Structure formats: structure tokens, C-alpha cells
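K.L.:
model10.cif is reproduced in full below (mmCIF, C-alpha atoms and all ligand atoms).
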```cif
data_input
#
loop_
_atom_site.label_atom_id
_atom_site.label_comp_id
_atom_site.auth_asym_id
_atom_site.auth_seq_id
_atom_site.Cartn_x
_atom_site.Cartn_y
_atom_site.Cartn_z
CA MET V 1 7.50 2.95 -27.65
CA SER V 2 3.92 4.23 -27.55
CA ALA V 3 3.14 7.62 -26.07
CA LEU V 4 1.42 7.54 -22.70
CA LEU V 5 1.11 11.31 -22.34
CA THR V 6 0.98 13.68 -25.30
CA VAL V 7 0.86 17.42 -24.73
CA SER V 8 0.32 19.39 -27.96
CA ASP V 9 0.70 23.14 -28.37
CA VAL V 10 -0.40 23.95 -24.83
CA HIS V 11 -0.78 27.49 -23.52
CA VAL V 12 -1.59 28.41 -19.91
CA ALA V 13 -2.30 31.95 -18.76
CA TYR V 14 -2.83 33.74 -15.46
CA GLY V 15 -5.18 36.46 -16.63
CA LYS V 16 -3.41 38.17 -19.51
CA VAL V 17 0.00 36.76 -18.66
CA GLU V 18 0.91 33.61 -20.56
CA ALA V 19 3.05 31.49 -18.22
CA VAL V 20 3.25 28.55 -20.67
CA ARG V 21 3.45 29.10 -24.43
CA ALA V 22 3.10 26.59 -27.26
CA VAL V 23 4.50 23.68 -25.30
CA SER V 24 4.47 20.16 -26.74
CA LEU V 25 5.90 17.08 -25.08
CA ASP V 26 5.38 13.38 -24.79
CA VAL V 27 6.15 10.66 -22.28
CA ALA V 28 6.25 7.03 -23.38
CA ASP V 29 5.48 3.93 -21.35
CA ASN V 30 8.29 3.16 -18.92
CA GLU V 31 10.05 6.42 -19.57
CA ILE V 32 11.46 9.04 -17.20
CA VAL V 33 11.21 12.48 -18.75
CA THR V 34 12.42 15.62 -17.03
CA ILE V 35 11.63 19.29 -17.51
CA ILE V 36 14.43 21.45 -16.19
CA GLY V 37 14.48 25.20 -15.92
CA ALA V 38 14.97 28.11 -13.56
CA ASN V 39 12.58 29.32 -10.91
CA GLY V 40 9.54 30.86 -12.60
CA ALA V 41 10.07 29.21 -16.00
CA GLY V 42 6.53 27.77 -15.95
CA LYS V 43 7.18 24.16 -14.97
CA THR V 44 4.70 24.00 -12.07
CA THR V 45 2.09 25.79 -14.17
CA LEU V 46 2.44 23.17 -16.91
CA LEU V 47 2.09 20.20 -14.52
CA ASN V 48 -0.91 21.78 -12.83
CA ALA V 49 -2.57 22.32 -16.20
CA VAL V 50 -1.96 18.71 -17.28
CA MET V 51 -3.48 17.56 -13.98
CA GLY V 52 -6.56 19.74 -14.61
CA ILE V 53 -5.91 22.14 -11.71
CA LEU V 54 -5.46 25.05 -14.17
CA PRO V 55 -7.28 25.54 -17.48
CA LEU V 56 -5.22 25.28 -20.65
CA LYS V 57 -5.46 25.91 -24.36
CA GLY V 58 -4.24 23.09 -26.56
CA ARG V 59 -4.54 19.33 -26.32
CA VAL V 60 -3.54 16.79 -23.70
CA ALA V 61 -4.02 13.08 -24.38
CA PHE V 62 -3.35 10.30 -21.92
CA ALA V 63 -3.26 6.62 -22.79
CA GLY V 64 -4.87 7.48 -26.13
CA GLU V 65 -7.74 9.41 -24.51
CA ASP V 66 -8.24 13.15 -24.88
CA LEU V 67 -8.29 14.59 -21.36
CA GLY V 68 -10.24 17.60 -22.66
CA ARG V 69 -12.37 18.88 -19.86
CA LEU V 70 -12.05 15.85 -17.59
CA GLU V 71 -12.15 16.69 -13.89
CA ILE V 72 -9.08 16.05 -11.75
CA GLU V 73 -10.80 12.99 -10.26
CA ASP V 74 -11.27 11.45 -13.69
CA ARG V 75 -7.66 12.14 -14.61
CA VAL V 76 -6.59 10.31 -11.43
CA ALA V 77 -8.90 7.44 -12.35
CA ALA V 78 -7.29 7.31 -15.81
CA GLY V 79 -3.87 6.81 -14.17
CA LEU V 80 -2.38 10.30 -13.81
CA SER V 81 -1.03 11.45 -10.49
CA LEU V 82 0.74 14.61 -9.29
CA VAL V 83 3.03 15.02 -6.31
CA PRO V 84 2.81 18.79 -5.73
CA GLU V 85 5.80 21.00 -5.05
CA HIS V 86 4.80 21.72 -1.45
CA ARG V 87 3.77 18.10 -0.80
CA GLU V 88 0.43 19.12 0.76
CA LEU V 89 0.26 16.44 3.41
CA PHE V 90 -2.18 16.37 6.32
CA ALA V 91 0.24 17.34 9.08
CA SER V 92 -1.98 16.24 11.97
CA MET V 93 -2.65 12.80 10.48
CA ASN V 94 -0.25 9.90 10.66
CA ILE V 95 1.55 8.30 7.72
CA GLU V 96 -0.90 5.45 7.36
CA ASP V 97 -3.93 7.75 7.27
CA ASN V 98 -2.27 10.06 4.72
CA LEU V 99 -1.60 7.01 2.54
CA GLN V 100 -5.14 5.76 3.02
CA LEU V 101 -6.42 9.06 1.58
CA GLY V 102 -4.45 8.35 -1.58
CA ALA V 103 -6.35 5.08 -1.96
CA PHE V 104 -9.84 6.48 -1.49
CA ARG V 105 -11.03 5.47 -4.92
CA VAL V 106 -9.51 1.99 -5.06
CA GLY V 107 -11.21 -0.95 -3.39
CA ARG V 108 -10.08 -2.50 -0.11
CA ALA V 109 -8.17 -5.34 -1.78
CA ARG V 110 -6.27 -2.98 -4.05
CA ALA V 111 -5.56 -0.62 -1.18
CA ALA V 112 -3.89 -3.51 0.67
CA THR V 113 -1.70 -4.21 -2.37
CA SER V 114 -0.90 -0.50 -2.67
CA PHE V 115 0.13 -0.30 1.01
CA GLU V 116 2.42 -3.26 0.51
CA ARG V 117 3.94 -1.73 -2.59
CA VAL V 118 4.49 1.70 -1.00
CA TYR V 119 5.96 0.20 2.18
CA THR V 120 8.33 -1.96 0.10
CA LEU V 121 9.45 1.09 -1.83
CA PHE V 122 9.79 3.22 1.34
CA PRO V 123 10.52 0.93 4.32
CA ARG V 124 10.98 4.03 6.47
CA LEU V 125 7.32 4.91 6.06
CA LYS V 126 6.37 1.47 7.31
CA GLU V 127 8.59 1.79 10.37
CA ARG V 128 7.00 5.12 11.21
CA ARG V 129 3.46 4.47 10.03
CA LYS V 130 1.85 5.82 13.21
CA GLN V 131 3.93 8.99 13.24
CA LEU V 132 2.20 12.29 12.44
CA ALA V 133 3.14 13.65 9.01
CA GLY V 134 3.91 17.08 10.46
CA THR V 135 6.71 15.65 12.60
CA LEU V 136 8.55 13.93 9.71
CA SER V 137 11.79 15.21 8.19
CA GLY V 138 11.66 16.88 4.76
CA GLY V 139 12.88 13.70 3.05
CA GLU V 140 10.31 11.56 4.82
CA GLN V 141 7.57 14.01 3.89
CA GLN V 142 8.63 13.78 0.24
CA MET V 143 8.53 9.98 0.46
CA LEU V 144 5.06 10.19 1.99
CA ALA V 145 3.82 12.55 -0.72
CA MET V 146 5.12 10.15 -3.37
CA GLY V 147 3.71 7.17 -1.50
CA ARG V 148 0.28 8.80 -1.28
CA ALA V 149 0.29 9.48 -5.04
CA LEU V 150 1.25 5.84 -5.68
CA MET V 151 -1.61 4.46 -3.59
CA GLY V 152 -3.97 4.94 -6.55
CA ALA V 153 -1.64 2.84 -8.76
CA PRO V 154 -0.94 5.53 -11.39
CA LYS V 155 0.55 4.83 -14.81
CA LEU V 156 2.26 8.22 -14.84
CA LEU V 157 3.59 10.00 -11.78
CA MET V 158 4.29 13.71 -12.18
CA LEU V 159 6.78 14.95 -9.61
CA ASP V 160 7.09 18.68 -9.00
CA GLU V 161 10.50 19.57 -7.61
CA PRO V 162 10.93 16.56 -5.31
CA SER V 163 14.44 17.70 -4.30
CA LEU V 164 13.17 21.02 -2.89
CA GLY V 165 14.83 21.80 0.44
CA LEU V 166 16.43 18.38 0.80
CA ALA V 167 20.06 17.52 1.57
CA PRO V 168 22.01 15.93 -1.33
CA ILE V 169 22.10 12.50 0.31
CA ILE V 170 18.30 12.49 0.66
CA VAL V 171 17.90 13.72 -2.93
CA ALA V 172 19.99 10.75 -4.07
CA ASP V 173 17.68 8.44 -2.14
CA ILE V 174 14.53 9.97 -3.64
CA PHE V 175 15.95 9.78 -7.16
CA ARG V 176 16.98 6.16 -6.66
CA THR V 177 13.35 5.45 -5.84
CA VAL V 178 12.26 7.19 -9.05
CA GLY V 179 14.42 4.67 -10.93
CA GLU V 180 12.73 1.83 -9.05
CA LEU V 181 9.32 3.16 -9.99
CA ARG V 182 10.17 2.87 -13.65
CA ARG V 183 11.26 -0.72 -13.11
CA ALA V 184 7.84 -1.28 -11.51
CA GLY V 185 6.16 -0.02 -14.70
CA VAL V 186 5.37 3.58 -13.69
CA SER V 187 6.38 6.37 -16.08
CA VAL V 188 7.64 9.59 -14.54
CA LEU V 189 7.44 13.25 -15.57
CA LEU V 190 9.91 15.02 -13.33
CA VAL V 191 10.09 18.78 -12.94
CA GLU V 192 13.33 19.97 -11.37
CA GLN V 193 15.59 22.92 -10.74
CA ASN V 194 18.25 20.41 -9.70
CA ALA V 195 19.18 19.73 -13.32
CA GLN V 196 22.17 17.58 -12.53
CA ALA V 197 20.24 15.05 -10.46
CA ALA V 198 17.32 15.04 -12.90
CA LEU V 199 19.45 14.54 -16.03
CA ALA V 200 21.34 11.72 -14.34
CA ILE V 201 18.18 9.67 -14.00
CA ALA V 202 16.01 10.74 -16.95
CA ASP V 203 15.82 9.19 -20.43
CA ARG V 204 14.86 12.45 -22.11
CA ALA V 205 14.73 16.10 -21.12
CA TYR V 206 13.12 19.40 -22.04
CA VAL V 207 14.63 22.74 -21.07
CA MET V 208 12.08 25.43 -20.21
CA GLU V 209 12.75 29.16 -20.22
CA LEU V 210 10.17 31.92 -19.77
CA GLY V 211 7.23 29.66 -20.54
CA GLU V 212 8.69 27.91 -23.58
CA PHE V 213 10.70 24.82 -24.33
CA VAL V 214 13.99 25.97 -25.80
CA LEU V 215 15.76 22.62 -26.08
CA SER V 216 14.89 18.94 -25.93
CA GLY V 217 16.65 15.65 -26.47
CA THR V 218 18.05 12.64 -24.69
CA ALA V 219 19.10 13.43 -21.12
CA LYS V 220 22.65 12.54 -22.13
CA ASP V 221 22.71 15.03 -25.00
CA ILE V 222 21.09 17.76 -22.91
CA ALA V 223 23.64 17.23 -20.12
CA ALA V 224 26.41 17.53 -22.72
CA ASP V 225 25.03 20.78 -24.16
CA GLN V 226 27.30 23.77 -23.53
CA ARG V 227 24.44 26.18 -22.82
CA VAL V 228 22.77 23.79 -20.39
CA ALA V 229 26.04 23.17 -18.60
CA ALA V 230 26.70 26.88 -18.21
CA SER V 231 23.14 27.87 -17.22
CA TYR V 232 21.90 24.91 -15.22
CA LEU V 233 24.79 22.70 -14.19
CA GLY V 234 27.08 25.44 -12.89
CA PHE V 235 30.06 24.60 -15.08
CA THR V 236 31.16 24.46 -18.70
CA HIS V 237 32.33 21.32 -20.42
CA GLU V 238 35.61 23.14 -21.06
CA ASP V 239 36.11 23.36 -17.26
CA GLU V 240 35.41 19.66 -17.09
CA SER V 241 38.01 18.74 -19.71
CA ALA V 242 40.53 21.02 -17.98
CA VAL V 243 40.30 18.98 -14.74
P1 LIG E 1 9.13 27.25 -9.48
O1 LIG E 1 10.18 26.23 -9.55
O2 LIG E 1 9.49 28.46 -8.69
O3 LIG E 1 7.77 26.72 -9.12
P2 LIG E 1 8.25 27.17 -12.16
O4 LIG E 1 9.15 26.96 -13.33
O5 LIG E 1 7.48 26.02 -11.70
O6 LIG E 1 9.04 27.81 -10.97
P3 LIG E 1 5.77 28.59 -12.24
O7 LIG E 1 5.57 28.48 -10.77
O8 LIG E 1 4.97 27.72 -13.11
O9 LIG E 1 7.31 28.37 -12.59
O10 LIG E 1 5.58 30.10 -12.66
C1 LIG E 1 5.60 30.54 -14.02
C2 LIG E 1 5.23 32.01 -14.10
O11 LIG E 1 3.87 32.18 -13.74
C3 LIG E 1 6.05 32.89 -13.18
O12 LIG E 1 6.28 34.10 -13.84
C4 LIG E 1 5.13 33.10 -12.00
O13 LIG E 1 5.39 34.31 -11.38
C5 LIG E 1 3.76 33.09 -12.64
N1 LIG E 1 2.73 32.57 -11.73
C6 LIG E 1 2.77 31.41 -11.05
N2 LIG E 1 1.64 31.22 -10.34
C7 LIG E 1 0.88 32.32 -10.56
C8 LIG E 1 -0.42 32.75 -10.13
N3 LIG E 1 -1.16 32.00 -9.31
N4 LIG E 1 -0.88 33.94 -10.58
C9 LIG E 1 -0.14 34.70 -11.41
N5 LIG E 1 1.07 34.36 -11.89
C10 LIG E 1 1.56 33.20 -11.47
#
```
Starting from the coordinates I provided, produce the structure as C-alpha cells.

P.N.:
Amino acid sequence: MSALLTVSDVHVAYGKVEAVRAVSLDVADNEIVTIIGANGAGKTTLLNAVMGILPLKGRVAFAGEDLGRLEIEDRVAAGLSLVPEHRELFASMNIEDNLQLGAFRVGRARAATSFERVYTLFPRLKERRKQLAGTLSGGEQQMLAMGRALMGAPKLLMLDEPSLGLAPIIVADIFRTVGELRRAGVSVLLVEQNAQAALAIADRAYVMELGEFVLSGTAKDIAADQRVAASYLGFTHEDESAV
């Protein structure tokens, strides 16, 4: 598999405080990769830096092209998209208009295809397309934030904590959609505190602690790791075998 995103030896600092240190990762075509870690580990900082929202030291390449000092706009045009942790929707605009904003740089014909694709993926958004974003449930808002990011037809969707504040049944729904995205040819970089849900869907995983990656491997191996189970999954594999 060829690498779609390659992050090499990246550092990100807030003033003198390094929030991300010497991080390297890659995401291949058609791959779901997750970064798990506790609150404050540096996951959001890393995604924001890859998107170009924060400056970084190191190298980020996407689809073989060095992102270097490319503006956010140009990164979006290259096929990168970020669904931010707090969703950042326009509360007083309806679903359709929020989605339209996500398609501002694609032509009318492609926007029509994108609408169709997003509404197929999230039929609920279609049913409620005239409803104001601010009146949607948390799960619907997450779907809308993902839908808006997909309107520009990205090759890689970066999802920051999509499960935040959602009930388990809604989380399952959102994660099922992430699996469908991969089948539709979109790679996913998923940042999550909900390690269990993330590892269940991902191909590979990185564990982040205090700004650094401390472990990486297939999602299956990471889920089976004793330290990960104890720190992030809320049980030990010994407990599991005792059941
Ligand atoms: P969360 O899930 O809570 O977002 P995270 O793993 O995404 O956690 P970050 O939000 O990236 O972690 O935070 C990493 C570190 O950087 C933390 O110590 C945090 O306090 C610090 N930090 C985050 N944003 C800023 C900022 N704007 N200015 C200064 N420090 C910041």
C-alpha cells in the first residue's frame, strides 16, 4: 500500500511548551488509522498542525507532495479535510446551507454529486435538510460536521474525537459510517479518547502520551496490549480471561 499521508519527526509548540514531540506516522490509501490517548496528550494539536492551523517543525507529505507552508485552503484542495473536535457548525443555518459551505470550492456539478453522496451516507441529514444546525442532537451535529467535510470530496478525512459527548448507540452509528467511508475510498485518521470503539474499527493505531507516540501497531495488537488494556480500555486481559 502506498502512503497517502506521511508525517515525519513533527514537533508542535505553544510558545516554549512542546505539545507534540518527534512524532512520525503514516496513513495509506484506504486505511483507517487511529491515534488514541488521554485528554491533553497532544492529539488535537497534531491534527491541527497537519491541517495547517498550527505551525509545525518537521515534514508532512500528502499524496507525494510536501505540504510545507501550504495554506489550509490548498491542503483542502489537495484532498485533506478535518472535522474539528467541537464541530464548528453554523448554528443559525440549516443543514443544507452548512453542507453547501463545505462545497464552496467545487463546481456546481460536483456539489450535486457530493450532496447525493452525503445524503446517502446520512439519510437523517436529508430528512432534516431544512432544520437549523443549532437545533440538531449531538449525533446529528457530528453527522453534519462529517458531511460538510465530505462535500469537498477529500482523500483523507481527519476526525477529531467524533464520539465526544455522544451516547454509545450513536457512537456505534458514527463509527459504522467511518467504515463505509473507507469502502467509498476515503482514508481516515481518527483521534479518539474512546479507545475501544476506535480500535474496533481501525487497521492500525498509535498510542500518544504527553506529546509522544509510545506504541504503534495493528489495531488488533494494540487492543491486545496489556498496558493499553489497563490504561485505555478499563480492564486487563487477565480480567477478560477470568470471565
Ligand atoms: P483533548 O482530547 O482534550 O483535546 P488532546 O490529546 O487532543 O486532548 P491537545 O488538546 O492537543 O491534547 O493538548 C496537548 C497539550 O497542549 C495539553 O497540555 C494542552 O494543555 C496544551 N494546549 C492545547 N492547546 C493549547 C493552547 N492553545 N495554548 C497552550 N497550550 C495548549

K.L.:
Give me the residues near region 182-189 of chain V as a PyMOL selection string, where near means some atom within 8 Å (using only C-alpha atoms) and where sequence neighbours in that chain fewer than 4 positions away do not count.

P.N.:
chain V and resi 27-35+154-159+178

K.L.:
Name the closest residue to Val60 (chain V) among the candidates V:Val10, V:Val228, V:Ala145, V:Met93; distances are taken between atoms, counting only C-alpha atoms.

P.N.:
V:Val10

K.L.:
Using all atoms listed in the file - which residues lie no farther than 7 Å from the point (1.6, 24.7, -25.4) in the file's frame? Write them as an mmCIF file with C-alpha atoms, in the frame of the given file.

P.N.:
```
data_model
loop_
_atom_site.group_PDB
_atom_site.id
_atom_site.type_symbol
_atom_site.label_atom_id
_atom_site.label_comp_id
_atom_site.auth_asym_id
_atom_site.auth_seq_id
_atom_site.Cartn_x
_atom_site.Cartn_y
_atom_site.Cartn_z
ATOM 1 C CA SER V 8 0.320 19.390 -27.960
ATOM 2 C CA ASP V 9 0.700 23.140 -28.370
ATOM 3 C CA VAL V 10 -0.400 23.950 -24.830
ATOM 4 C CA HIS V 11 -0.780 27.490 -23.520
ATOM 5 C CA VAL V 20 3.250 28.550 -20.670
ATOM 6 C CA ARG V 21 3.450 29.100 -24.430
ATOM 7 C CA ALA V 22 3.100 26.590 -27.260
ATOM 8 C CA VAL V 23 4.500 23.680 -25.300
ATOM 9 C CA SER V 24 4.470 20.160 -26.740
ATOM 10 C CA GLY V 58 -4.240 23.090 -26.560
#
```

K.L.:
So which one's closest to ligand LIG 1 (chain E), V:Gly147, V:Pro162, V:Gly64, V:Gly102? Using all atoms listed in the file, please.

P.N.:
V:Pro162

K.L.:
Go ahead and compute the interatomic distance for CA of Ser2 (chain V) and CA of Asp221 (chain V), in Å to one decimal.

P.N.:
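Computed distance, CA of Ser2 (chain V) to CA of Asp221 (chain V), equals 21.8 Å.
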
K.L.:
Go through the chains and note each residue within 8 Å of ligand LIG 1 (chain E), using only C-alpha atoms and all ligand atoms, then give the set as an mmCIF file with C-alpha atoms, keeping the file's coordinate frame.

P.N.:
```
data_model
loop_
_atom_site.group_PDB
_atom_site.id
_atom_site.type_symbol
_atom_site.label_atom_id
_atom_site.label_comp_id
_atom_site.auth_asym_id
_atom_site.auth_seq_id
_atom_site.Cartn_x
_atom_site.Cartn_y
_atom_site.Cartn_z
ATOM 1 C CA ALA V 13 -2.300 31.950 -18.760
ATOM 2 C CA TYR V 14 -2.830 33.740 -15.460
ATOM 3 C CA GLY V 15 -5.180 36.460 -16.630
ATOM 4 C CA VAL V 17 0.000 36.760 -18.660
ATOM 5 C CA GLU V 18 0.910 33.610 -20.560
ATOM 6 C CA ALA V 19 3.050 31.490 -18.220
ATOM 7 C CA VAL V 20 3.250 28.550 -20.670
ATOM 8 C CA GLY V 37 14.480 25.200 -15.920
ATOM 9 C CA ALA V 38 14.970 28.110 -13.560
ATOM 10 C CA ASN V 39 12.580 29.320 -10.910
ATOM 11 C CA GLY V 40 9.540 30.860 -12.600
ATOM 12 C CA ALA V 41 10.070 29.210 -16.000
ATOM 13 C CA GLY V 42 6.530 27.770 -15.950
ATOM 14 C CA LYS V 43 7.180 24.160 -14.970
ATOM 15 C CA THR V 44 4.700 24.000 -12.070
ATOM 16 C CA THR V 45 2.090 25.790 -14.170
ATOM 17 C CA LEU V 46 2.440 23.170 -16.910
ATOM 18 C CA GLU V 85 5.800 21.000 -5.050
ATOM 19 C CA ASP V 160 7.090 18.680 -9.000
ATOM 20 C CA GLU V 161 10.500 19.570 -7.610
ATOM 21 C CA VAL V 191 10.090 18.780 -12.940
ATOM 22 C CA GLU V 192 13.330 19.970 -11.370
ATOM 23 C CA GLN V 193 15.590 22.920 -10.740
ATOM 24 C CA MET V 208 12.080 25.430 -20.210
ATOM 25 C CA LEU V 210 10.170 31.920 -19.770
ATOM 26 C CA GLY V 211 7.230 29.660 -20.540
#
```

K.L.:
When distances are computed from all atoms listed in the file, which of V:Tyr206, V:Phe213, V:Ala229, V:Val118 shows the smallest separation from Thr177 (chain V)?

P.N.:
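Distance minimum relative to Thr177 (chain V) lands on V:Val118.
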
K.L.:
Please indicate the distance in Å from CA of Gln131 (chain V) to CA of Phe104 (chain V), rounded to one decimal place.

P.N.:
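According to the coordinates, CA of Gln131 (chain V) and CA of Phe104 (chain V) are separated by 20.3 Å.
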
K.L.:
Might you pull out every residue within 8 Å of Ser114 (chain V), with all atoms listed in the file counted and same-chain residues fewer than 2 positions away left off, and present them as an NGL selection string?

P.N.:
:V and (103 or 110-112 or 116-118 or 150-153)

K.L.:
Which residue is closest to Gly79 (chain V)? Choose from V:Leu5, V:Ala49, V:Thr135, V:Ala219 and count only C-alpha atoms.

P.N.:
V:Leu5

K.L.:
Have a look at V:Leu25, V:Leu233, V:Leu67, V:Arg105 and name the one nearest to Ala205 (chain V); count all atoms listed in the file.

P.N.:
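Ranking V:Leu25, V:Leu233, V:Leu67, V:Arg105 by distance to Ala205 (chain V), first place goes to V:Leu25.
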
K.L.:
Please provide as a PDB file with C-alpha atoms, in the frame of the given file all residues within 8 Å of Glu140 (chain V), with the sequence filter that same-chain residues fewer than 3 positions apart are discarded (counting all atoms listed in the file).

P.N.:
```pdb
ATOM      1  CA  ARG V 124      10.980   4.030   6.470  1.00  0.00           C
ATOM      2  CA  LEU V 125       7.320   4.910   6.060  1.00  0.00           C
ATOM      3  CA  LEU V 136       8.550  13.930   9.710  1.00  0.00           C
ATOM      4  CA  SER V 137      11.790  15.210   8.190  1.00  0.00           C
ATOM      5  CA  MET V 143       8.530   9.980   0.460  1.00  0.00           C
ATOM      6  CA  LEU V 144       5.060  10.190   1.990  1.00  0.00           C
TER       7      LEU V 144
END
```

K.L.:
Is it possible to get the axis-aligned box enclosing region 17-33 of chain V (all listed atoms, 8 Å extra per side) as AutoDock Vina command-line options, with centre and edge lengths in Å rounded to one decimal?

P.N.:
```
--center_x 5.7 --center_y 20.0 --center_z -22.2 --size_x 27.5 --size_y 49.6 --size_z 26.1
```

K.L.:
Could you work out how far CA of Pro168 (chain V) lies from CA of Ala197 (chain V), giving the answer in Å with one decimal?

P.N.:
9.3 Å

K.L.:
Around (3.3, 3.6, 8.3) in the file's frame, which residues reach within 10 Å when counting only C-alpha atoms? Return as a list in words?

P.N.:
Asn94, Ile95, Glu96, Asp97, Asn98, Leu99, Phe115, Val118, Tyr119, Phe122, Pro123, Arg124, Leu125, Lys126, Glu127, Arg128, Arg129, Lys130, Gln131, Leu132 and Leu144 of chain V

K.L.:
Take the residues from that selection and write them out as an mmCIF file, in the coordinates of the input, keeping C-alpha atoms.

P.N.:
```cif
data_model
loop_
_atom_site.group_PDB
_atom_site.id
_atom_site.type_symbol
_atom_site.label_atom_id
_atom_site.label_comp_id
_atom_site.auth_asym_id
_atom_site.auth_seq_id
_atom_site.Cartn_x
_atom_site.Cartn_y
_atom_site.Cartn_z
ATOM 1 C CA ASN V 94 -0.250 9.900 10.660
ATOM 2 C CA ILE V 95 1.550 8.300 7.720
ATOM 3 C CA GLU V 96 -0.900 5.450 7.360
ATOM 4 C CA ASP V 97 -3.930 7.750 7.270
ATOM 5 C CA ASN V 98 -2.270 10.060 4.720
ATOM 6 C CA LEU V 99 -1.600 7.010 2.540
ATOM 7 C CA PHE V 115 0.130 -0.300 1.010
ATOM 8 C CA VAL V 118 4.490 1.700 -1.000
ATOM 9 C CA TYR V 119 5.960 0.200 2.180
ATOM 10 C CA PHE V 122 9.790 3.220 1.340
ATOM 11 C CA PRO V 123 10.520 0.930 4.320
ATOM 12 C CA ARG V 124 10.980 4.030 6.470
ATOM 13 C CA LEU V 125 7.320 4.910 6.060
ATOM 14 C CA LYS V 126 6.370 1.470 7.310
ATOM 15 C CA GLU V 127 8.590 1.790 10.370
ATOM 16 C CA ARG V 128 7.000 5.120 11.210
ATOM 17 C CA ARG V 129 3.460 4.470 10.030
ATOM 18 C CA LYS V 130 1.850 5.820 13.210
ATOM 19 C CA GLN V 131 3.930 8.990 13.240
ATOM 20 C CA LEU V 132 2.200 12.290 12.440
ATOM 21 C CA LEU V 144 5.060 10.190 1.990
#
```

K.L.:
Can you pull out every residue within 12 Å of Arg69 (chain V), counting only C-alpha atoms, but drop anything in the same chain fewer than 6 positions away, and send it as a PDB file with C-alpha atoms, in the coordinates of the input?

P.N.:
```pdb
ATOM      1  CA  ALA V  49      -2.570  22.320 -16.200  1.00  0.00           C
ATOM      2  CA  VAL V  50      -1.960  18.710 -17.280  1.00  0.00           C
ATOM      3  CA  MET V  51      -3.480  17.560 -13.980  1.00  0.00           C
ATOM      4  CA  GLY V  52      -6.560  19.740 -14.610  1.00  0.00           C
ATOM      5  CA  ILE V  53      -5.910  22.140 -11.710  1.00  0.00           C
ATOM      6  CA  LEU V  54      -5.460  25.050 -14.170  1.00  0.00           C
ATOM      7  CA  PRO V  55      -7.280  25.540 -17.480  1.00  0.00           C
ATOM      8  CA  LEU V  56      -5.220  25.280 -20.650  1.00  0.00           C
ATOM      9  CA  LYS V  57      -5.460  25.910 -24.360  1.00  0.00           C
ATOM     10  CA  GLY V  58      -4.240  23.090 -26.560  1.00  0.00           C
ATOM     11  CA  ARG V  59      -4.540  19.330 -26.320  1.00  0.00           C
ATOM     12  CA  VAL V  60      -3.540  16.790 -23.700  1.00  0.00           C
ATOM     13  CA  ALA V  61      -4.020  13.080 -24.380  1.00  0.00           C
ATOM     14  CA  ARG V  75      -7.660  12.140 -14.610  1.00  0.00           C
TER      15      ARG V  75
END
```

K.L.:
Could region 101-114 of chain V be completed with N, CA, C and O atoms and written as a PDB file, in the coordinates of the input, please?

P.N.:
```
ATOM      1  N   LEU V 101      -5.707   8.037   2.370  1.00  0.00           N
ATOM      2  CA  LEU V 101      -6.420   9.060   1.580  1.00  0.00           C
ATOM      3  C   LEU V 101      -6.087   8.941   0.094  1.00  0.00           C
ATOM      4  O   LEU V 101      -6.920   9.215  -0.762  1.00  0.00           O
ATOM      5  N   GLY V 102      -4.860   8.514  -0.181  1.00  0.00           N
ATOM      6  CA  GLY V 102      -4.450   8.350  -1.580  1.00  0.00           C
ATOM      7  C   GLY V 102      -5.126   7.157  -2.236  1.00  0.00           C
ATOM      8  O   GLY V 102      -5.083   7.008  -3.460  1.00  0.00           O
ATOM      9  N   ALA V 103      -5.732   6.308  -1.421  1.00  0.00           N
ATOM     10  CA  ALA V 103      -6.350   5.080  -1.960  1.00  0.00           C
ATOM     11  C   ALA V 103      -7.866   5.157  -1.916  1.00  0.00           C
ATOM     12  O   ALA V 103      -8.542   4.140  -2.077  1.00  0.00           O
ATOM     13  N   PHE V 104      -8.401   6.386  -1.741  1.00  0.00           N
ATOM     14  CA  PHE V 104      -9.840   6.480  -1.490  1.00  0.00           C
ATOM     15  C   PHE V 104     -10.708   5.927  -2.607  1.00  0.00           C
ATOM     16  O   PHE V 104     -11.811   5.472  -2.381  1.00  0.00           O
ATOM     17  N   ARG V 105     -10.148   5.927  -3.829  1.00  0.00           N
ATOM     18  CA  ARG V 105     -11.030   5.470  -4.920  1.00  0.00           C
ATOM     19  C   ARG V 105     -10.754   4.027  -5.333  1.00  0.00           C
ATOM     20  O   ARG V 105     -11.421   3.506  -6.205  1.00  0.00           O
ATOM     21  N   VAL V 106      -9.742   3.398  -4.723  1.00  0.00           N
ATOM     22  CA  VAL V 106      -9.510   1.990  -5.060  1.00  0.00           C
ATOM     23  C   VAL V 106     -10.165   1.114  -3.990  1.00  0.00           C
ATOM     24  O   VAL V 106     -10.362   1.540  -2.867  1.00  0.00           O
ATOM     25  N   GLY V 107     -10.525  -0.068  -4.339  1.00  0.00           N
ATOM     26  CA  GLY V 107     -11.210  -0.950  -3.390  1.00  0.00           C
ATOM     27  C   GLY V 107     -10.265  -1.401  -2.275  1.00  0.00           C
ATOM     28  O   GLY V 107      -9.061  -1.147  -2.314  1.00  0.00           O
ATOM     29  N   ARG V 108     -10.841  -2.066  -1.270  1.00  0.00           N
ATOM     30  CA  ARG V 108     -10.080  -2.500  -0.110  1.00  0.00           C
ATOM     31  C   ARG V 108      -8.922  -3.438  -0.479  1.00  0.00           C
ATOM     32  O   ARG V 108      -7.808  -3.289   0.013  1.00  0.00           O
ATOM     33  N   ALA V 109      -9.204  -4.363  -1.405  1.00  0.00           N
ATOM     34  CA  ALA V 109      -8.170  -5.340  -1.780  1.00  0.00           C
ATOM     35  C   ALA V 109      -7.009  -4.632  -2.465  1.00  0.00           C
ATOM     36  O   ALA V 109      -5.848  -4.909  -2.174  1.00  0.00           O
ATOM     37  N   ARG V 110      -7.354  -3.687  -3.353  1.00  0.00           N
ATOM     38  CA  ARG V 110      -6.270  -2.980  -4.050  1.00  0.00           C
ATOM     39  C   ARG V 110      -5.526  -2.047  -3.120  1.00  0.00           C
ATOM     40  O   ARG V 110      -4.336  -1.819  -3.280  1.00  0.00           O
ATOM     41  N   ALA V 111      -6.237  -1.499  -2.135  1.00  0.00           N
ATOM     42  CA  ALA V 111      -5.560  -0.620  -1.180  1.00  0.00           C
ATOM     43  C   ALA V 111      -4.516  -1.424  -0.409  1.00  0.00           C
ATOM     44  O   ALA V 111      -3.402  -0.938  -0.174  1.00  0.00           O
ATOM     45  N   ALA V 112      -4.840  -2.665  -0.067  1.00  0.00           N
ATOM     46  CA  ALA V 112      -3.890  -3.510   0.670  1.00  0.00           C
ATOM     47  C   ALA V 112      -2.637  -3.743  -0.173  1.00  0.00           C
ATOM     48  O   ALA V 112      -1.505  -3.646   0.315  1.00  0.00           O
ATOM     49  N   THR V 113      -2.840  -4.002  -1.464  1.00  0.00           N
ATOM     50  CA  THR V 113      -1.700  -4.210  -2.370  1.00  0.00           C
ATOM     51  C   THR V 113      -0.885  -2.924  -2.471  1.00  0.00           C
ATOM     52  O   THR V 113       0.344  -2.948  -2.483  1.00  0.00           O
ATOM     53  N   SER V 114      -1.592  -1.779  -2.550  1.00  0.00           N
ATOM     54  CA  SER V 114      -0.900  -0.500  -2.670  1.00  0.00           C
ATOM     55  C   SER V 114      -0.070  -0.212  -1.421  1.00  0.00           C
ATOM     56  O   SER V 114       1.062   0.263  -1.511  1.00  0.00           O
TER      57      SER V 114
END
```
